[in-house]
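Printed here is coords-v7.txt (compact mmCIF, C-alpha atoms and all ligand atoms):
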```
# COMPACT_ATOMS: atom_id res chain seq x y z
CA MET H 162 31.11 -25.65 -9.66
CA LYS H 163 30.33 -22.13 -10.87
CA LEU H 164 28.44 -21.46 -14.10
CA TRP H 165 31.47 -19.54 -15.31
CA ALA H 166 34.24 -21.89 -14.06
CA GLY H 167 35.88 -22.15 -17.50
CA ARG H 168 37.17 -18.59 -17.43
CA PHE H 169 38.56 -18.78 -13.89
CA SER H 170 41.68 -20.38 -12.45
CA LYS H 171 40.46 -20.70 -8.89
CA GLU H 172 37.35 -20.98 -6.78
CA ALA H 173 35.68 -17.84 -5.47
CA ALA H 174 36.39 -17.02 -1.86
CA LYS H 175 33.66 -17.94 0.59
CA THR H 176 33.19 -14.27 1.46
CA THR H 177 32.68 -13.54 -2.25
CA ASN H 178 30.03 -16.20 -2.52
CA ASP H 179 28.28 -15.17 0.66
CA PHE H 180 28.31 -11.51 -0.28
CA ASN H 181 27.23 -12.13 -3.85
CA SER H 182 24.40 -14.54 -3.10
CA SER H 183 20.81 -13.34 -3.25
CA ILE H 184 19.11 -16.66 -2.63
CA ALA H 185 17.89 -15.68 0.84
CA VAL H 186 15.85 -12.94 -0.78
CA ASP H 187 14.93 -14.33 -4.20
CA SER H 188 14.04 -17.94 -3.35
CA ARG H 189 10.47 -16.79 -2.85
CA MET H 190 10.29 -16.38 -6.64
CA PHE H 191 10.80 -20.09 -7.28
CA ARG H 192 7.32 -20.56 -8.78
CA GLU H 193 7.76 -17.68 -11.19
CA ASP H 194 11.27 -18.80 -12.14
CA ILE H 195 9.96 -22.25 -13.04
CA GLN H 196 6.94 -20.79 -14.81
CA GLY H 197 9.27 -18.63 -16.90
CA SER H 198 11.58 -21.54 -17.68
CA LEU H 199 8.65 -23.77 -18.69
CA ALA H 200 7.47 -21.17 -21.18
CA HIS H 201 11.00 -20.57 -22.48
CA ALA H 202 11.74 -24.30 -22.93
CA ALA H 203 8.41 -24.96 -24.65
CA MET H 204 9.13 -22.11 -27.06
CA LEU H 205 12.70 -23.39 -27.73
CA ALA H 206 11.29 -26.82 -28.64
CA ARG H 207 8.51 -25.38 -30.80
CA GLN H 208 11.04 -23.27 -32.66
CA GLY H 209 13.29 -26.29 -33.18
CA ILE H 210 16.11 -24.67 -31.16
CA ILE H 211 16.16 -27.69 -28.84
CA SER H 212 14.72 -31.14 -29.56
CA GLU H 213 11.20 -32.15 -28.56
CA ALA H 214 12.74 -34.82 -26.31
CA ASP H 215 14.91 -32.28 -24.49
CA GLY H 216 11.94 -29.95 -24.19
CA GLU H 217 9.90 -32.72 -22.62
CA ALA H 218 12.70 -33.73 -20.24
CA ILE H 219 13.05 -30.12 -19.13
CA ARG H 220 9.29 -29.79 -18.63
CA LYS H 221 9.02 -32.93 -16.52
CA GLY H 222 12.15 -32.07 -14.56
CA LEU H 223 10.95 -28.54 -13.78
CA LEU H 224 7.49 -29.73 -12.74
CA ALA H 225 9.06 -32.27 -10.36
CA ILE H 226 11.28 -29.55 -8.87
CA LEU H 227 8.26 -27.29 -8.48
CA GLU H 228 6.33 -29.95 -6.63
CA GLU H 229 9.25 -30.72 -4.32
CA LEU H 230 9.86 -27.06 -3.60
CA GLU H 231 6.16 -26.60 -2.79
CA SER H 232 6.16 -29.58 -0.43
CA GLY H 233 9.53 -28.79 1.09
CA ALA H 234 10.96 -32.14 -0.06
CA LEU H 235 13.69 -30.27 -1.95
CA PRO H 236 15.56 -27.97 0.44
CA ILE H 237 16.89 -24.76 -1.09
CA ASP H 238 20.68 -24.62 -0.95
CA PRO H 239 21.53 -21.47 1.00
CA ASP H 240 24.95 -21.41 -0.67
CA ALA H 241 23.54 -21.19 -4.19
CA GLU H 242 24.06 -17.85 -5.89
CA ASP H 243 20.39 -17.23 -6.54
CA ILE H 244 17.15 -19.08 -7.17
CA HIS H 245 17.71 -19.13 -10.94
CA THR H 246 21.08 -20.81 -10.60
CA PHE H 247 19.78 -23.23 -8.00
CA ILE H 248 16.87 -24.44 -10.12
CA GLU H 249 18.95 -24.78 -13.28
CA ALA H 250 21.70 -26.66 -11.41
CA THR H 251 19.18 -28.99 -9.77
CA LEU H 252 17.57 -29.67 -13.13
CA THR H 253 20.91 -30.43 -14.78
CA GLU H 254 21.91 -32.69 -11.90
CA ARG H 255 18.75 -34.67 -12.56
CA ILE H 256 18.36 -34.72 -16.37
CA GLY H 257 21.90 -34.06 -17.64
CA ASP H 258 22.51 -32.39 -21.01
CA ALA H 259 18.88 -31.44 -21.60
CA GLY H 260 19.09 -29.31 -18.45
CA LYS H 261 22.15 -27.56 -19.84
CA ARG H 262 20.15 -26.60 -22.93
CA LEU H 263 17.48 -24.70 -20.98
CA HIS H 264 19.51 -21.49 -20.91
CA THR H 265 19.84 -21.33 -24.72
CA GLY H 266 18.87 -17.88 -25.99
CA ARG H 267 18.40 -16.54 -22.47
CA SER H 268 20.44 -14.71 -19.83
CA ARG H 269 19.88 -14.43 -16.13
CA ASN H 270 19.40 -10.74 -16.82
CA ASP H 271 16.23 -11.16 -18.85
CA GLN H 272 15.29 -14.15 -16.69
CA VAL H 273 15.36 -12.20 -13.44
CA ALA H 274 13.62 -9.21 -15.02
CA THR H 275 10.83 -11.56 -16.09
CA ASP H 276 10.62 -13.37 -12.76
CA ILE H 277 10.28 -10.18 -10.72
CA ARG H 278 7.50 -8.91 -12.96
CA LEU H 279 5.63 -12.20 -12.68
CA TYR H 280 6.09 -12.29 -8.92
CA LEU H 281 5.07 -8.67 -8.39
CA ARG H 282 1.99 -9.15 -10.56
CA GLY H 283 0.73 -11.65 -7.99
CA GLN H 284 1.79 -9.40 -5.13
CA CYS H 285 -0.21 -6.50 -6.58
CA GLU H 286 -3.32 -8.62 -6.69
CA ALA H 287 -2.87 -9.82 -3.12
CA LEU H 288 -2.26 -6.30 -1.88
CA ARG H 289 -5.35 -4.99 -3.65
CA ALA H 290 -7.40 -7.71 -1.96
CA ALA H 291 -5.95 -6.71 1.43
CA ILE H 292 -6.82 -3.06 0.77
CA ALA H 293 -10.35 -4.09 -0.23
CA ALA H 294 -10.74 -5.87 3.12
CA LEU H 295 -9.91 -2.64 4.95
CA GLN H 296 -12.28 -0.69 2.73
CA LYS H 297 -15.01 -3.12 3.68
CA ALA H 298 -14.24 -2.79 7.39
CA LEU H 299 -14.43 1.00 7.07
CA ALA H 300 -17.68 0.89 5.09
CA ASP H 301 -19.24 -1.49 7.63
CA LYS H 302 -18.20 0.78 10.49
CA ALA H 303 -19.63 3.79 8.65
CA ALA H 304 -22.95 1.97 8.20
CA GLU H 305 -22.99 0.86 11.84
CA TYR H 306 -22.77 4.48 13.05
CA SER H 307 -24.53 6.15 10.15
CA ASP H 308 -25.97 9.07 12.14
CA ALA H 309 -23.11 9.82 14.55
CA ILE H 310 -21.99 13.45 14.33
CA LEU H 311 -18.54 14.61 15.32
CA PRO H 312 -16.65 17.84 14.93
CA GLY H 313 -14.75 18.01 11.66
CA TYR H 314 -11.36 19.63 12.14
CA THR H 315 -9.06 21.95 10.27
CA HIS H 316 -5.74 22.77 11.95
CA LEU H 317 -6.95 20.22 14.54
CA GLN H 318 -9.35 22.96 15.68
CA ARG H 319 -13.08 22.23 15.65
CA ALA H 320 -14.36 23.48 12.32
CA GLN H 321 -17.77 22.24 11.20
CA PRO H 322 -20.00 19.32 12.21
CA ILE H 323 -19.65 16.25 10.00
CA LEU H 324 -20.88 12.68 9.97
CA PHE H 325 -18.53 10.06 11.44
CA SER H 326 -19.42 7.92 8.43
CA ALA H 327 -18.30 10.64 6.02
CA HIS H 328 -15.00 10.89 7.86
CA LEU H 329 -14.41 7.15 7.56
CA LEU H 330 -15.45 7.16 3.92
CA ALA H 331 -12.79 9.79 3.18
CA TYR H 332 -10.29 6.99 3.78
CA GLN H 333 -12.28 4.83 1.42
CA GLU H 334 -11.46 7.28 -1.36
CA MET H 335 -7.74 7.25 -0.53
CA PHE H 336 -7.62 3.47 -0.57
CA ALA H 337 -9.54 3.37 -3.86
CA ARG H 338 -6.84 5.58 -5.39
CA ASP H 339 -4.17 3.29 -3.92
CA CYS H 340 -5.77 0.31 -5.66
CA ALA H 341 -5.97 2.25 -8.90
CA ARG H 342 -2.29 3.23 -8.63
CA LEU H 343 -1.29 -0.41 -8.09
CA SER H 344 -3.36 -1.56 -11.08
CA ASP H 345 -1.92 1.17 -13.20
CA ALA H 346 1.68 0.28 -12.30
CA ALA H 347 0.94 -3.43 -12.76
CA ARG H 348 -0.45 -2.75 -16.24
CA ARG H 349 2.65 -0.81 -17.26
CA MET H 350 4.86 -3.57 -15.83
CA ASN H 351 3.08 -6.25 -17.83
CA GLN H 352 5.51 -6.39 -20.76
CA CYS H 353 7.80 -9.39 -21.15
CA PRO H 354 11.57 -8.77 -21.24
CA LEU H 355 12.41 -12.42 -22.13
CA GLY H 356 14.48 -12.41 -25.27
CA SER H 357 16.48 -9.35 -24.24
CA GLY H 358 19.28 -11.77 -23.38
CA ALA H 359 22.13 -10.25 -21.42
CA LEU H 360 21.36 -6.89 -23.06
CA ALA H 361 21.75 -7.29 -26.83
CA GLY H 362 19.00 -9.78 -27.59
CA THR H 363 19.76 -13.18 -29.05
CA GLY H 364 20.65 -14.63 -32.43
CA TYR H 365 18.47 -17.72 -31.96
CA PRO H 366 15.16 -17.68 -33.81
CA ILE H 367 13.15 -17.37 -30.59
CA ASP H 368 9.47 -16.40 -30.54
CA ARG H 369 9.14 -13.65 -27.97
CA ALA H 370 5.44 -13.10 -28.57
CA ASN H 371 4.83 -16.74 -27.76
CA THR H 372 6.57 -16.73 -24.37
CA ALA H 373 5.00 -13.38 -23.51
CA LEU H 374 1.54 -14.75 -24.25
CA ALA H 375 2.20 -18.00 -22.36
CA LEU H 376 3.21 -15.99 -19.30
CA GLY H 377 0.18 -13.71 -19.42
CA PHE H 378 2.05 -10.58 -20.50
CA GLU H 379 0.34 -8.01 -22.65
CA GLY H 380 3.29 -7.75 -25.01
CA VAL H 381 7.08 -7.69 -25.19
CA THR H 382 9.46 -4.94 -24.09
CA ALA H 383 10.54 -2.92 -27.14
CA ASN H 384 14.23 -2.40 -26.40
CA THR H 385 16.47 -5.21 -25.15
CA ILE H 386 18.85 -2.86 -23.30
CA ASP H 387 15.94 -1.28 -21.47
CA GLY H 388 14.37 -4.71 -21.00
CA VAL H 389 17.16 -5.85 -18.66
CA SER H 390 18.00 -2.54 -17.01
CA ASP H 391 14.54 -1.16 -16.30
CA ARG H 392 13.40 -1.27 -12.69
CA ASP H 393 10.86 1.54 -13.00
CA PHE H 394 8.15 -0.91 -12.08
CA CYS H 395 9.84 -1.57 -8.72
CA LEU H 396 10.12 2.17 -8.13
CA GLU H 397 6.52 2.78 -9.15
CA LEU H 398 5.25 0.03 -6.89
CA CYS H 399 7.36 1.22 -3.93
CA SER H 400 6.01 4.68 -4.58
CA ALA H 401 2.38 3.53 -4.78
CA ILE H 402 2.86 1.52 -1.59
CA SER H 403 4.49 4.50 0.13
CA ILE H 404 1.39 6.56 -0.61
CA LEU H 405 -0.76 3.71 0.70
CA MET H 406 1.35 3.77 3.88
CA VAL H 407 0.77 7.53 4.19
CA HIS H 408 -2.95 6.80 4.23
CA LEU H 409 -2.63 3.96 6.72
CA SER H 410 -0.45 6.17 8.89
CA ARG H 411 -2.95 9.05 8.85
CA LEU H 412 -5.78 6.68 9.75
CA SER H 413 -3.65 5.25 12.55
CA GLU H 414 -2.84 8.71 13.84
CA GLU H 415 -6.54 9.55 14.04
CA LEU H 416 -7.28 6.34 15.89
CA VAL H 417 -4.49 7.09 18.35
CA LEU H 418 -5.99 10.54 18.94
CA TRP H 419 -9.57 9.32 19.02
CA CYS H 420 -8.97 6.67 21.64
CA SER H 421 -7.08 9.07 23.94
CA TRP H 422 -8.95 10.31 27.03
CA GLU H 423 -8.78 13.79 25.54
CA PHE H 424 -10.98 12.76 22.59
CA ARG H 425 -12.60 9.49 23.62
CA PHE H 426 -14.39 9.16 20.26
CA VAL H 427 -13.64 5.46 19.88
CA GLU H 428 -12.63 2.55 22.01
CA LEU H 429 -10.39 -0.10 20.49
CA ASP H 430 -11.16 -3.70 21.31
CA ASP H 431 -9.08 -5.31 24.08
CA ALA H 432 -7.93 -7.97 21.63
CA TYR H 433 -6.26 -5.32 19.48
CA THR H 434 -4.62 -3.18 22.14
CA THR H 435 -1.93 -3.72 24.74
CA GLY H 436 -1.34 -2.80 28.37
CA SER H 437 1.60 -1.30 30.21
CA SER H 438 4.18 -3.11 32.31
CA ILE H 439 3.95 -0.48 35.04
CA MET H 440 0.80 1.64 34.67
CA PRO H 441 -2.22 -0.53 35.45
CA GLN H 442 -4.74 1.86 33.90
CA LYS H 443 -3.19 1.87 30.44
CA LYS H 444 -4.72 0.55 27.24
CA ASN H 445 -2.40 1.44 24.41
CA PRO H 446 -3.13 1.60 20.67
CA ASP H 447 0.13 -0.20 19.83
CA LEU H 448 -1.12 -1.60 16.52
CA ALA H 449 -2.07 1.82 15.21
CA GLU H 450 1.25 3.24 16.38
CA LEU H 451 3.22 0.43 14.76
CA ILE H 452 1.41 0.90 11.46
CA ARG H 453 2.24 4.60 11.66
CA GLY H 454 5.85 3.69 12.44
CA LYS H 455 6.21 1.11 9.71
CA SER H 456 5.32 3.70 7.09
CA GLY H 457 8.86 5.02 7.66
CA ARG H 458 10.35 1.74 6.66
CA VAL H 459 8.44 1.64 3.38
CA PHE H 460 9.49 5.20 2.54
CA GLY H 461 13.02 3.93 3.22
CA ASP H 462 12.50 1.13 0.69
CA LEU H 463 11.54 3.71 -1.93
CA MET H 464 14.42 6.06 -1.10
CA GLY H 465 16.89 3.17 -1.02
CA LEU H 466 15.85 1.91 -4.42
CA LEU H 467 15.82 5.36 -6.02
CA THR H 468 19.37 5.79 -4.75
CA VAL H 469 20.48 2.37 -6.02
CA MET H 470 19.19 3.14 -9.50
CA LYS H 471 20.10 6.76 -10.01
CA GLY H 472 23.73 6.41 -11.12
CA LEU H 473 23.64 3.10 -12.98
CA PRO H 474 24.93 3.06 -16.54
CA LEU H 475 23.05 0.80 -18.95
CA ALA H 476 22.42 -2.07 -18.89
CA TYR H 477 22.36 -4.63 -16.04
CA ASN H 478 24.54 -3.94 -13.00
CA LYS H 479 24.79 -6.11 -9.92
CA ASP H 480 23.57 -3.18 -7.82
CA MET H 481 20.15 -4.05 -9.20
CA GLN H 482 20.09 -7.24 -7.17
CA GLU H 483 19.17 -4.90 -4.30
CA ASP H 484 15.83 -4.20 -6.00
CA LYS H 485 14.08 -7.23 -4.61
CA GLU H 486 14.80 -6.66 -0.93
CA ALA H 487 13.32 -3.18 -1.19
CA VAL H 488 10.22 -3.92 -3.19
CA PHE H 489 9.48 -7.19 -1.38
CA ASP H 490 9.78 -5.44 1.96
CA ALA H 491 7.39 -2.72 0.82
CA PHE H 492 4.78 -5.33 -0.13
CA ASP H 493 5.37 -7.43 3.00
CA THR H 494 5.12 -4.43 5.30
CA ALA H 495 1.96 -3.08 3.68
CA ARG H 496 0.29 -6.50 3.87
CA LEU H 497 1.32 -6.87 7.50
CA CYS H 498 -0.10 -3.45 8.35
CA LEU H 499 -3.36 -4.08 6.53
CA GLY H 500 -3.67 -7.41 8.32
CA ALA H 501 -3.41 -5.57 11.63
CA ALA H 502 -5.65 -2.65 10.61
CA VAL H 503 -8.63 -4.67 9.38
CA PRO H 504 -9.61 -6.40 12.66
CA MET H 505 -8.67 -3.30 14.66
CA VAL H 506 -11.12 -1.19 12.64
CA ALA H 507 -13.74 -3.94 12.42
CA THR H 508 -13.90 -4.36 16.21
CA MET H 509 -13.56 -0.75 17.32
CA ARG H 510 -16.51 0.79 19.14
CA ALA H 511 -17.48 4.36 18.38
CA LEU H 512 -18.70 6.57 21.23
CA PRO H 513 -21.24 8.85 19.51
CA GLU H 514 -22.25 10.63 22.75
CA ASN H 515 -18.69 11.84 23.22
CA MET H 516 -18.43 12.88 19.59
CA ARG H 517 -21.65 14.80 19.93
CA ARG H 518 -20.55 16.50 23.12
CA ALA H 519 -17.36 17.66 21.39
CA ALA H 520 -19.40 18.81 18.41
CA ALA H 521 -21.72 20.84 20.63
CA GLU H 522 -18.82 22.93 21.90
CA GLY H 523 -16.51 25.15 19.93
CA PHE H 524 -19.08 27.02 17.82
CA ILE H 525 -18.75 24.64 14.90
CA ASN H 526 -22.13 25.85 13.63
CA ALA H 527 -20.92 29.45 13.30
CA THR H 528 -20.60 29.16 9.51
CA ASP H 529 -24.19 27.97 9.38
CA CYS H 530 -25.29 30.88 11.52
CA ALA H 531 -23.70 33.22 8.98
CA ASP H 532 -25.45 31.31 6.19
CA TYR H 533 -28.74 31.95 8.05
CA LEU H 534 -28.18 35.70 7.74
CA VAL H 535 -27.21 35.32 4.08
CA GLY H 536 -30.59 33.64 3.64
CA LYS H 537 -32.15 36.80 5.09
CA GLY H 538 -30.39 38.94 2.48
CA LEU H 539 -27.17 40.00 4.26
CA PRO H 540 -23.96 39.75 2.19
CA PHE H 541 -21.75 36.89 3.43
CA ARG H 542 -18.86 39.11 4.55
CA ASP H 543 -21.24 41.18 6.73
CA ALA H 544 -22.89 38.04 8.07
CA TYR H 545 -19.45 36.69 8.96
CA GLN H 546 -18.75 39.89 10.98
CA VAL H 547 -22.07 39.65 12.81
CA VAL H 548 -21.52 36.03 13.81
CA GLY H 549 -17.97 36.83 14.94
CA ALA H 550 -19.48 39.37 17.34
CA LEU H 551 -22.06 36.78 18.47
CA VAL H 552 -19.35 34.24 19.22
CA ALA H 553 -17.48 36.83 21.28
CA ARG H 554 -20.69 37.46 23.26
CA CYS H 555 -21.20 33.73 23.77
CA ILE H 556 -17.66 33.30 25.09
CA ALA H 557 -18.04 36.28 27.43
CA GLY H 558 -21.41 35.10 28.73
CA GLY H 559 -20.79 31.37 28.82
CA PHE H 560 -23.30 30.60 26.04
CA THR H 561 -23.27 28.57 22.83
CA LEU H 562 -25.10 29.62 19.66
CA GLU H 563 -27.82 27.14 20.66
CA THR H 564 -28.33 28.71 24.10
CA LEU H 565 -27.72 32.42 23.47
CA PRO H 566 -31.03 34.22 24.21
CA LEU H 567 -32.86 35.65 21.20
CA GLY H 568 -32.68 39.14 22.72
CA GLN H 569 -28.91 39.02 22.55
CA TYR H 570 -29.02 37.76 18.96
CA GLN H 571 -31.27 40.68 18.02
CA GLU H 572 -29.03 43.22 19.76
CA VAL H 573 -26.39 42.27 17.21
CA SER H 574 -28.71 41.95 14.20
CA GLN H 575 -32.43 42.52 13.76
CA LEU H 576 -32.46 39.83 11.05
CA PHE H 577 -32.46 37.07 13.71
CA SER H 578 -35.73 35.49 14.75
CA GLU H 579 -36.80 32.34 16.63
CA ASP H 580 -36.10 30.03 13.66
CA VAL H 581 -32.34 30.57 14.06
CA TYR H 582 -32.29 27.87 16.78
CA ASP H 583 -33.58 25.21 14.37
CA PHE H 584 -31.17 26.42 11.72
CA VAL H 585 -28.04 25.92 13.83
CA THR H 586 -28.71 22.47 15.34
CA LEU H 587 -25.92 20.04 14.48
CA GLU H 588 -28.37 17.82 12.62
CA ALA H 589 -29.61 20.71 10.49
CA CYS H 590 -26.01 21.72 9.71
CA VAL H 591 -25.06 18.22 8.60
CA GLU H 592 -28.34 17.62 6.79
CA ARG H 593 -28.07 20.82 4.77
CA ARG H 594 -24.71 19.81 3.32
CA GLN H 595 -25.65 16.31 2.30
CA LYS H 596 -27.20 17.40 -0.97
N1 LIG H 601 20.70 -12.57 -8.65
C1 LIG H 601 20.76 -11.64 -9.74
C2 LIG H 601 19.82 -10.45 -9.48
O1 LIG H 601 18.96 -10.60 -8.66
C3 LIG H 601 20.36 -12.32 -11.01
C4 LIG H 601 20.95 -11.71 -12.21
C5 LIG H 601 22.39 -11.99 -12.26
N2 LIG H 601 22.97 -11.55 -13.48
C6 LIG H 601 24.28 -11.36 -13.58
N3 LIG H 601 24.69 -10.96 -14.69
N4 LIG H 601 25.06 -11.56 -12.55
O2 LIG H 601 19.94 -9.40 -10.06
```

How does the structure come out when it is put into structure tokens?
Ligand code: ARG
Amino acid sequence: MKLWAGRFSKEAAKTTNDFNSSIAVDSRMFREDIQGSLAHAAMLARQGIISEADGEAIRKGLLAILEELESGALPIDPDAEDIHTFIEATLTERIGDAGKRLHTGRSRNDQVATDIRLYLRGQCEALRAAIAALQKALADKAAEYSDAILPGYTHLQRAQPILFSAHLLAYQEMFARDCARLSDAARRMNQCPLGSGALAGTGYPIDRANTALALGFEGVTANTIDGVSDRDFCLELCSAISILMVHLSRLSEELVLWCSWEFRFVELDDAYTTGSSIMPQKKNPDLAELIRGKSGRVFGDLMGLLTVMKGLPLAYNKDMQEDKEAVFDAFDTARLCLGAAVPMVATMRALPENMRRAAAEGFINATDCADYLVGKGLPFRDAYQVVGALVARCIAGGFTLETLPLGQYQEVSQLFSEDVYDFVTLEACVERRQK
């Protein structure tokens, strides 16, 4: 029987029930739903809104349901409307009237708003831990190849020599910001909407501060209408995760490039690559490509949720039931991608000889050569012109700045002497900028 059967003259159609139900998506919040109900019932009893005996019956009943849901002994009814309804109905089936008193001074609107926040709080922590594991894999890889030099690129054209470790540690910074963004959003989300009721609060003498404290919230939401209609935290989290996926996608793209025969800067481990059904020579970076591809799906979660929310009048609307699928998928996808990225990065082999060879071509020490002349007193703009002419000579004569004879250097500028060769080695270039 439906919660609202009294008002209706017939049963809902099966299609209505199927369409309306969110249990397939929200059953994963069963722990948080029970946690919220335990705090609510304890507060109701303490405030004398329900009897101590009812409070105790509810507590025992909910704990038993929790245990059975954890163990799988209690199967979740796929026809239930949502996890909140399922747990309350199961409780009432077992303990009778006391179960029917649990919902006093509460609505599913403030209940679900509380549950999602509790659930996402845990998800944020787990995601931060997964990001930290990737940061560690990157830092370990950077330490393993601490003196490897590769060309740094701008416009994907060789620009200046850099350390492989510095390149990897750039990602470290991005992931640190991702963690900070998640923490920041989680902190803002950590206000308890319980007590908002359906939208207008409740007339019962509830103690909102008490339930908020019991559930580990920092405080209570200030406005009951906002309390049930706010999904900013879902949007913020989808947005933070989208940015995380941008970073994972950029890292993946570099790995795809780096393990191509054209670059050959890294080799991915056989265990984290795949072959081809037809081309025997192939070793494909499928994991990196899939991570890059899955970023699109997370951006879709964010766009979908923004679109769901943008036209909703206050307060709760059923459209908002779509929030969970989006935000859960964003978390799931990011965790999945990090789980694939960590061992892929941890086991990849760098090929420093190839990096070095690429760095030795393309005149990536030209800026340093200009700096050499600046050191001899030439203004930078003039030095830049001189080195441009040198590079043209090198290209015409098949030289690099390391191999161009000193006579040719001096034909372009008398400021050059023998020490220019030491000044433009890749090591000297990298070393000079590490201060
Ligand atoms: N399953 C619903 C959701 O996820 C719970 C809230 C239902 N509230 C209501 N007034 N129908 O949003």

**Request:** Grab me every residue within 6 Å of ligand LIG 601 (chain H), counting all atoms listed in the file, and send it over as a PyMOL selection string.
**Result:** chain H and resi 183+243+269-270+273+479+481-482

Computed gap from CA of Phe492 (chain H) to CA of Leu288 (chain H) is 7.3 Å

Using Å and a single decimal, report how far CA of Ile256 (chain H) sits from CA of Cys353 (chain H).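 Atom-to-atom, CA of Cys353 (chain H) and CA of Ile256 (chain H) are spaced 27.9 Å apart.
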
* Mind pulling up the distance from CA of His264 (chain H) to CA of Pro236 (chain H)? ->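 CA of His264 (chain H) lies at a distance of 22.7 Å from CA of Pro236 (chain H).
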
Please provide as a ChimeraX atom specification all residues within 8 Å of Phe524 (chain H), with the sequence filter that same-chain residues fewer than 4 positions apart are discarded (counting all atoms listed in the file). /H:319,552,561-562

Practice prompt. Excluding Asp179 (chain H) and residues on its chain fewer than 3 positions from it, collect all residues at most 12 Å away from it, counting all atoms listed in the file, and give them as a PyMOL selection string.
Written response: chain H and resi 173-176+182-185+239-243

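In terms of minimum interatomic distance to Asp447 (chain H), H:Leu429 ranks closest within H:Leu429, H:Leu343, H:Ala519, H:Leu281, counting all atoms listed in the file.
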
- Of the candidates H:Ala291, H:Met190, H:Ala361, H:Leu405, which one gets nearest to Glu334 (chain H) if we count only C-alpha atoms?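 Looking only at the distances to Glu334 (chain H), the closest residue turns out to be H:Leu405.
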
Rank nothing, just name the residue among H:Leu317, H:Ile452, H:Ile525, H:Val506 nearest to Thr494 (chain H), using all atoms listed in the file.
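Smallest distance to Thr494 (chain H) is found for H:Ile452.
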
Q.
Under the rule that all atoms listed in the file are counted, which of H:Leu576, H:Leu279, H:Cys555, H:Leu587 is the nearest residue to Gly538 (chain H)?
A.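 When distances to Gly538 (chain H) are compared using all atoms listed in the file, the smallest one comes from H:Leu576.
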
Give me the residues within 12 Å of Pro513 (chain H) as a ChimeraX atom specification, counting all atoms listed in the file and dropping any in the same chain fewer than 3 places off.
/H:305-312,324-326,419,424-428,510,516-520

**Study point:** From H:Phe169, H:Ala200, H:Trp422, H:Met470, residue lying nearest Leu512 (chain H) [all atoms listed in the file]
**Key:**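 Smallest distance to Leu512 (chain H) is found for H:Trp422.
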
If you take every atom of region 218-228 of chain H that the file lists and fit an axis-aligned box around them with 8 Å extra on each side, what centre and edge lengths come out in Å to one decimal, as JSON?
```
{"center_x": 9.7, "center_y": -30.5, "center_z": -13.4, "size_x": 22.7, "size_y": 22.4, "size_z": 29.6}
```

What's around Ala432 (chain H) at 12 Å? Count only C-alpha atoms, leave out sequence neighbours fewer than 6 positions away in its own chain, and write the answer as a list in words.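 Neighbouring residues, sequence-local ones excluded: Lys444, Asn445, Pro446, Asp447, Leu448, Ala501, Pro504, Met505, Val506, Ala507, Thr508 and Met509 of chain H.
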
Please write the residues from the selection above to a file, keeping C-alpha atoms, as a PDB file, in the frame of the given file.
```pdb
ATOM      1  CA  LYS H 444      -4.720   0.550  27.240  1.00  0.00           C
ATOM      2  CA  ASN H 445      -2.400   1.440  24.410  1.00  0.00           C
ATOM      3  CA  PRO H 446      -3.130   1.600  20.670  1.00  0.00           C
ATOM      4  CA  ASP H 447       0.130  -0.200  19.830  1.00  0.00           C
ATOM      5  CA  LEU H 448      -1.120  -1.600  16.520  1.00  0.00           C
ATOM      6  CA  ALA H 501      -3.410  -5.570  11.630  1.00  0.00           C
ATOM      7  CA  PRO H 504      -9.610  -6.400  12.660  1.00  0.00           C
ATOM      8  CA  MET H 505      -8.670  -3.300  14.660  1.00  0.00           C
ATOM      9  CA  VAL H 506     -11.120  -1.190  12.640  1.00  0.00           C
ATOM     10  CA  ALA H 507     -13.740  -3.940  12.420  1.00  0.00           C
ATOM     11  CA  THR H 508     -13.900  -4.360  16.210  1.00  0.00           C
ATOM     12  CA  MET H 509     -13.560  -0.750  17.320  1.00  0.00           C
TER      13      MET H 509
END
```

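Residues in contact with Gly457 (chain H) at up to 12 Å, not including ones fewer than 6 positions away on its chain and judged by all atoms listed in the file, are Ile402, Ser403, Ile404, Leu405, Met406, Val407, Leu409, Ser410, Glu450, Leu451, Leu463, Met464, Gly465, Asp490, Ala491, Thr494 and Ala495 of chain H.
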
Using only C-alpha atoms, the residue out of H:Ala298, H:Thr315, H:Asp345, H:Ile556 with shortest distance to Leu330 (chain H) is H:Ala298
